[in-house]
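Text of query20.cif, listed as mmCIF, C-alpha atoms:
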```cif
data_input
#
loop_
_atom_site.label_atom_id
_atom_site.label_comp_id
_atom_site.auth_asym_id
_atom_site.auth_seq_id
_atom_site.Cartn_x
_atom_site.Cartn_y
_atom_site.Cartn_z
CA MET A 1 197.46 35.53 -15.20
CA ASN A 2 199.95 37.13 -12.81
CA ILE A 3 199.37 40.81 -12.22
CA ILE A 4 200.52 43.30 -9.58
CA PHE A 5 197.90 45.04 -7.46
CA ALA A 6 199.52 48.27 -6.26
CA THR A 7 198.32 48.11 -2.68
CA GLY A 8 199.68 47.40 0.75
CA ASN A 9 196.18 46.99 2.17
CA LYS A 10 195.64 43.28 2.85
CA HIS A 11 191.86 43.75 3.04
CA LYS A 12 191.75 45.27 -0.45
CA LEU A 13 194.01 42.50 -1.73
CA GLN A 14 191.69 39.80 -0.33
CA GLU A 15 188.61 41.50 -1.77
CA ALA A 16 190.21 41.90 -5.19
CA GLN A 17 191.38 38.28 -5.25
CA GLN A 18 187.87 37.06 -4.33
CA ILE A 19 186.31 39.22 -7.03
CA LEU A 20 188.80 38.42 -9.79
CA GLY A 21 188.85 34.71 -9.00
CA PRO A 22 191.40 31.92 -9.38
CA SER A 23 192.42 32.67 -12.97
CA PHE A 24 194.30 35.72 -11.66
CA HIS A 25 197.21 35.60 -9.25
CA LEU A 26 197.65 38.96 -7.56
CA LYS A 27 201.08 40.01 -6.42
CA THR A 28 201.81 42.95 -4.16
CA PRO A 29 204.50 45.56 -4.78
CA ALA A 30 206.35 44.23 -1.71
CA GLU A 31 206.50 40.76 -3.28
CA CYS A 32 208.21 42.42 -6.25
CA GLY A 33 210.74 44.37 -4.17
CA ILE A 34 208.91 47.70 -3.85
CA THR A 35 208.64 48.40 -0.15
CA GLU A 36 208.41 52.19 -0.13
CA ASP A 37 205.10 54.00 0.09
CA ILE A 38 203.57 54.50 -3.34
CA PRO A 39 202.74 58.18 -3.85
CA GLU A 40 199.13 59.31 -4.10
CA THR A 41 199.20 63.08 -4.27
CA SER A 42 196.44 63.78 -6.77
CA ASP A 43 193.30 65.62 -5.74
CA THR A 44 191.09 63.05 -7.50
CA LEU A 45 190.51 59.32 -7.07
CA ARG A 46 191.21 58.75 -10.77
CA GLY A 47 194.46 60.70 -10.54
CA ASN A 48 195.64 58.72 -7.51
CA ALA A 49 194.76 55.35 -9.08
CA ILE A 50 196.67 56.25 -12.25
CA GLN A 51 199.61 57.65 -10.27
CA LYS A 52 199.94 54.46 -8.20
CA ALA A 53 199.66 52.12 -11.19
CA MET A 54 202.16 54.13 -13.24
CA TYR A 55 204.57 54.16 -10.31
CA ILE A 56 204.68 50.35 -10.42
CA TRP A 57 204.87 50.29 -14.22
CA ASP A 58 207.72 52.82 -14.30
CA LYS A 59 209.73 50.83 -11.73
CA LEU A 60 209.10 47.27 -12.94
CA HIS A 61 207.55 47.40 -16.44
CA ILE A 62 205.12 44.70 -15.32
CA ASN A 63 201.39 44.87 -15.97
CA CYS A 64 199.59 46.15 -12.90
CA PHE A 65 196.57 47.91 -11.51
CA ALA A 66 195.78 50.20 -8.61
CA ASP A 67 192.63 51.58 -7.11
CA ASP A 68 191.65 54.59 -5.12
CA THR A 69 188.44 54.71 -3.18
CA GLY A 70 186.60 57.47 -1.41
CA LEU A 71 183.56 57.87 0.77
CA GLU A 72 181.58 60.96 -0.26
CA ILE A 73 179.10 62.23 2.34
CA ASP A 74 176.61 64.80 1.08
CA ALA A 75 176.21 66.59 4.44
CA LEU A 76 180.01 67.05 4.52
CA ASP A 77 180.15 68.48 0.98
CA GLY A 78 181.65 65.26 -0.38
CA ALA A 79 184.21 64.73 2.38
CA PRO A 80 186.20 62.71 3.21
CA GLY A 81 186.44 61.90 -0.51
CA VAL A 82 189.97 61.52 -1.79
CA TYR A 83 191.23 61.81 1.81
CA SER A 84 189.13 58.90 3.12
CA ALA A 85 192.03 56.66 4.15
CA ARG A 86 193.72 59.42 6.15
CA TYR A 87 190.75 61.55 7.13
CA ALA A 88 191.62 61.61 10.82
CA GLY A 89 195.30 62.22 10.00
CA GLU A 90 198.31 60.25 8.85
CA ASN A 91 198.84 56.92 10.63
CA LYS A 92 195.33 56.97 12.13
CA SER A 93 193.18 53.86 12.32
CA PHE A 94 189.94 52.91 10.58
CA GLN A 95 188.22 53.56 13.91
CA ASP A 96 189.73 57.05 14.15
CA ASN A 97 188.30 57.86 10.71
CA ILE A 98 184.88 56.52 11.67
CA ASP A 99 184.90 58.49 14.92
CA LYS A 100 185.74 61.72 13.08
CA VAL A 101 182.95 61.21 10.52
CA LEU A 102 180.37 60.41 13.22
CA LYS A 103 181.43 63.44 15.26
CA GLU A 104 181.10 65.72 12.23
CA LEU A 105 177.66 64.26 11.47
CA ASP A 106 176.42 64.58 15.04
CA GLY A 107 173.00 66.24 14.86
CA VAL A 108 172.57 65.69 11.11
CA PRO A 109 169.24 63.89 10.64
CA ALA A 110 168.81 60.67 8.70
CA PRO A 111 169.06 59.86 5.94
CA ARG A 112 172.68 60.97 5.82
CA THR A 113 173.22 60.17 2.16
CA ALA A 114 176.62 59.10 0.93
CA ARG A 115 178.32 57.01 -1.68
CA PHE A 116 181.46 54.97 -2.06
CA ARG A 117 183.32 55.60 -5.30
CA CYS A 118 186.18 53.44 -6.60
CA VAL A 119 188.43 53.97 -9.60
CA VAL A 120 190.69 51.17 -10.81
CA ALA A 121 193.56 52.08 -13.14
CA LEU A 122 195.02 49.24 -15.20
CA VAL A 123 198.37 49.50 -16.97
CA ILE A 124 199.00 46.94 -19.71
CA ASP A 125 202.17 47.43 -21.73
CA GLY A 126 202.23 51.08 -20.62
CA ASP A 127 198.65 51.83 -21.71
CA ILE A 128 196.16 53.03 -19.06
CA THR A 129 192.51 51.99 -18.84
CA THR A 130 190.25 52.96 -15.95
CA PHE A 131 187.12 51.40 -14.48
CA ASP A 132 184.64 53.02 -12.10
CA GLY A 133 182.27 51.69 -9.48
CA ILE A 134 179.79 53.64 -7.33
CA VAL A 135 177.40 52.45 -4.63
CA GLU A 136 174.86 54.79 -3.06
CA GLY A 137 173.83 54.53 0.57
CA GLU A 138 173.76 56.32 3.88
CA ILE A 139 175.81 56.76 7.03
CA THR A 140 174.39 55.15 10.16
CA GLU A 141 174.41 56.80 13.57
CA VAL A 142 176.49 54.05 15.18
CA PRO A 143 178.89 51.42 13.85
CA LYS A 144 177.39 47.99 13.22
CA GLY A 145 178.85 44.56 12.49
CA ASP A 146 182.38 43.27 12.67
CA GLY A 147 183.22 42.38 9.08
CA GLY A 148 184.81 44.41 6.34
CA PHE A 149 187.17 47.30 6.94
CA GLY A 150 187.41 51.06 6.72
CA TYR A 151 184.03 52.78 6.87
CA ASP A 152 182.08 49.51 6.34
CA PRO A 153 180.57 49.58 9.89
CA ILE A 154 178.82 52.92 9.23
CA PHE A 155 177.88 52.58 5.54
CA LYS A 156 174.49 51.05 4.73
CA PRO A 157 174.09 50.50 0.98
CA ALA A 158 170.80 51.60 -0.59
CA GLY A 159 168.17 48.86 -0.49
CA TYR A 160 169.83 46.99 2.38
CA ALA A 161 169.01 46.90 6.09
CA GLN A 162 172.61 46.00 6.97
CA CYS A 163 175.90 47.86 6.79
CA PHE A 164 178.70 46.56 4.58
CA SER A 165 180.32 45.16 7.75
CA GLU A 166 177.26 42.97 8.38
CA LEU A 167 177.25 41.39 4.92
CA THR A 168 179.25 38.33 3.93
CA PRO A 169 182.28 39.09 1.75
CA GLN A 170 180.42 37.58 -1.22
CA GLU A 171 177.34 39.75 -0.61
CA LYS A 172 179.44 42.88 -0.22
CA ASN A 173 181.57 42.17 -3.29
CA SER A 174 178.45 41.62 -5.41
CA ILE A 175 177.18 45.17 -4.78
CA SER A 176 180.16 47.24 -3.66
CA HIS A 177 181.94 50.03 -5.48
CA ARG A 178 185.17 48.02 -5.58
CA GLY A 179 183.24 44.93 -6.65
CA MET A 180 181.74 46.84 -9.59
CA ALA A 181 185.07 48.31 -10.69
CA MET A 182 186.92 44.99 -10.27
CA LYS A 183 184.21 43.14 -12.23
CA LEU A 184 184.73 45.59 -15.11
CA LEU A 185 188.49 45.06 -14.76
CA SER A 186 188.03 41.27 -14.81
CA ASP A 187 185.76 41.42 -17.86
CA TYR A 188 188.32 43.56 -19.66
CA LEU A 189 191.28 41.35 -18.72
CA ASN A 190 189.43 38.29 -19.94
CA THR A 191 189.12 39.85 -23.41
CA ILE A 192 192.81 40.59 -23.97
#
```
Show this structure as structure tokens.
Amino acid sequence: MNIIFATGNKHKLQEAQQILGPSFHLKTPAECGITEDIPETSDTLRGNAIQKAMYIWDKLHINCFADDTGLEIDALDGAPGVYSARYAGENKSFQDNIDKVLKELDGVPAPRTARFRCVVALVIDGDITTFDGIVEGEITEVPKGDGGFGYDPIFKPAGYAQCFSELTPQEKNSISHRGMAMKLLSDYLNTI
């Protein structure tokens, strides 16, 4: 099945393709002629995921899905949350976001509990269905590993001694927030 994944993030695209498997061929908005930034102005992950998916649907009338993901740190009252991708400011790097989180958590004792939350919004023939994934864990004091992306070097999932960035892509996808939400998406798509 061909389906558009409303993302410009190549890491998310690779993860989603690995999770969904070979029966799905993911296309990006750019491959379909949409090169502008897709708006995400909601104050919730669910709202942003729906907004991005509907943006593609409204422009192309092609079945699609989008996700929005946030890191919620308890000691920061749930921040960065919906602002996770741009926590250190627009056009900042993954490392800038990590540095800001670690600076704000300086002096906060372990365990620094947190969770990753992902919402996937699917649009099929104009109808919206959403899928959620959550993984609990904690924020480490220093970055570890060189895999993954985003906050993976400082997020250690509950029950694991390693950060997401130290796990293989298969290990991470089997327990991650995005992995959970994409698995639900895959199960749903395989029933229609």
Run the PyMOL selection byres ((chain A and resi 134) around 6) on the file and write out the hits as a list in words.
Phe116, Arg117, Gly133, Val135 and His177 of chain A
Given the file shown, enumerate the residues that the PyMOL selection byres ((chain A and resi 169) around 12) captures and present them as a PyMOL selection string.
chain A and resi 11-12+14-19+146-149+152+163-168+170-176+178-179
Spell out the residues picked by the PyMOL selection byres ((chain A and resi 27-32) around 12) here, as JSON, numbers by chain.
{"A": [1, 2, 3, 4, 5, 6, 7, 8, 9, 10, 12, 13, 14, 16, 17, 24, 25, 26, 33, 34, 35, 36, 37, 38, 52, 53, 55, 56, 57, 59, 60, 61, 62, 63, 64, 65, 66]}
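Across the model, the gap from CA of Asp68 in chain A to CA of Arg46 in chain A is 7.0 Å.
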Take CA of Glu72 in chain A and CA of Arg115 in chain A and report the distance between them in Å, one decimal.
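Computing the Euclidean distance for CA of Glu72 in chain A and CA of Arg115 in chain A yields 5.3 Å.
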Per residue of range 15-120 of chain A within 7 Å of range 136-144 of chain A, what are the shortest atom pair and its distance in Å to one decimal, counting all atoms listed in the file, with rows by chain and residue number, as a tab-separated table?
```
residue	atom	partner	partner_atom	distance
A:Leu102	CA	A:Glu141	CA	7.0
A:Pro111	CA	A:Glu138	CA	6.2
A:Arg112	CA	A:Glu138	CA	5.2
A:Thr113	CA	A:Glu138	CA	4.3
A:Ala114	CA	A:Glu138	CA	5.0
A:Arg115	CA	A:Glu136	CA	4.3
A:Phe116	CA	A:Glu136	CA	6.7
```
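CA of Asp99 in chain A to CA of Ser84 in chain A spans 12.5 Å [interatomic distance, one decimal].
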Distance criterion (only C-alpha atoms): nearest to Gly70 in chain A out of A:Asn91, A:Thr44, A:Ser186, A:Thr130
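Counting only C-alpha atoms, the residue closest to Gly70 in chain A is A:Thr44.
Closest approach to Ala75 in chain A among A:Val101, A:Met182, A:Leu45, A:Ile192 is made by A:Val101 (distances from only C-alpha atoms).
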Neighbouring residues of range 49-51 of chain A were defined as those with any atom within 8 Å, considering all atoms listed in the file; residues of the same chain fewer than 6 positions away were excluded. Please report them as a list in words.
Pro39, Glu40, Ser42, Ala66, Asp67, Asp68, Val119, Val120, Ala121, Leu122 and Ile128 of chain A
Show me, as a PyMOL selection string, the residues that have an atom within 8 Å of range 92-94 of chain A when counting all atoms listed in the file, minus same-chain residues fewer than 3 positions from it.
chain A and resi 85-86+88-89+97-98+149-151
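Closest to Glu104 in chain A among A:Phe131, A:Tyr87, A:Tyr188, A:Tyr160 is A:Tyr87, based on all atoms listed in the file.
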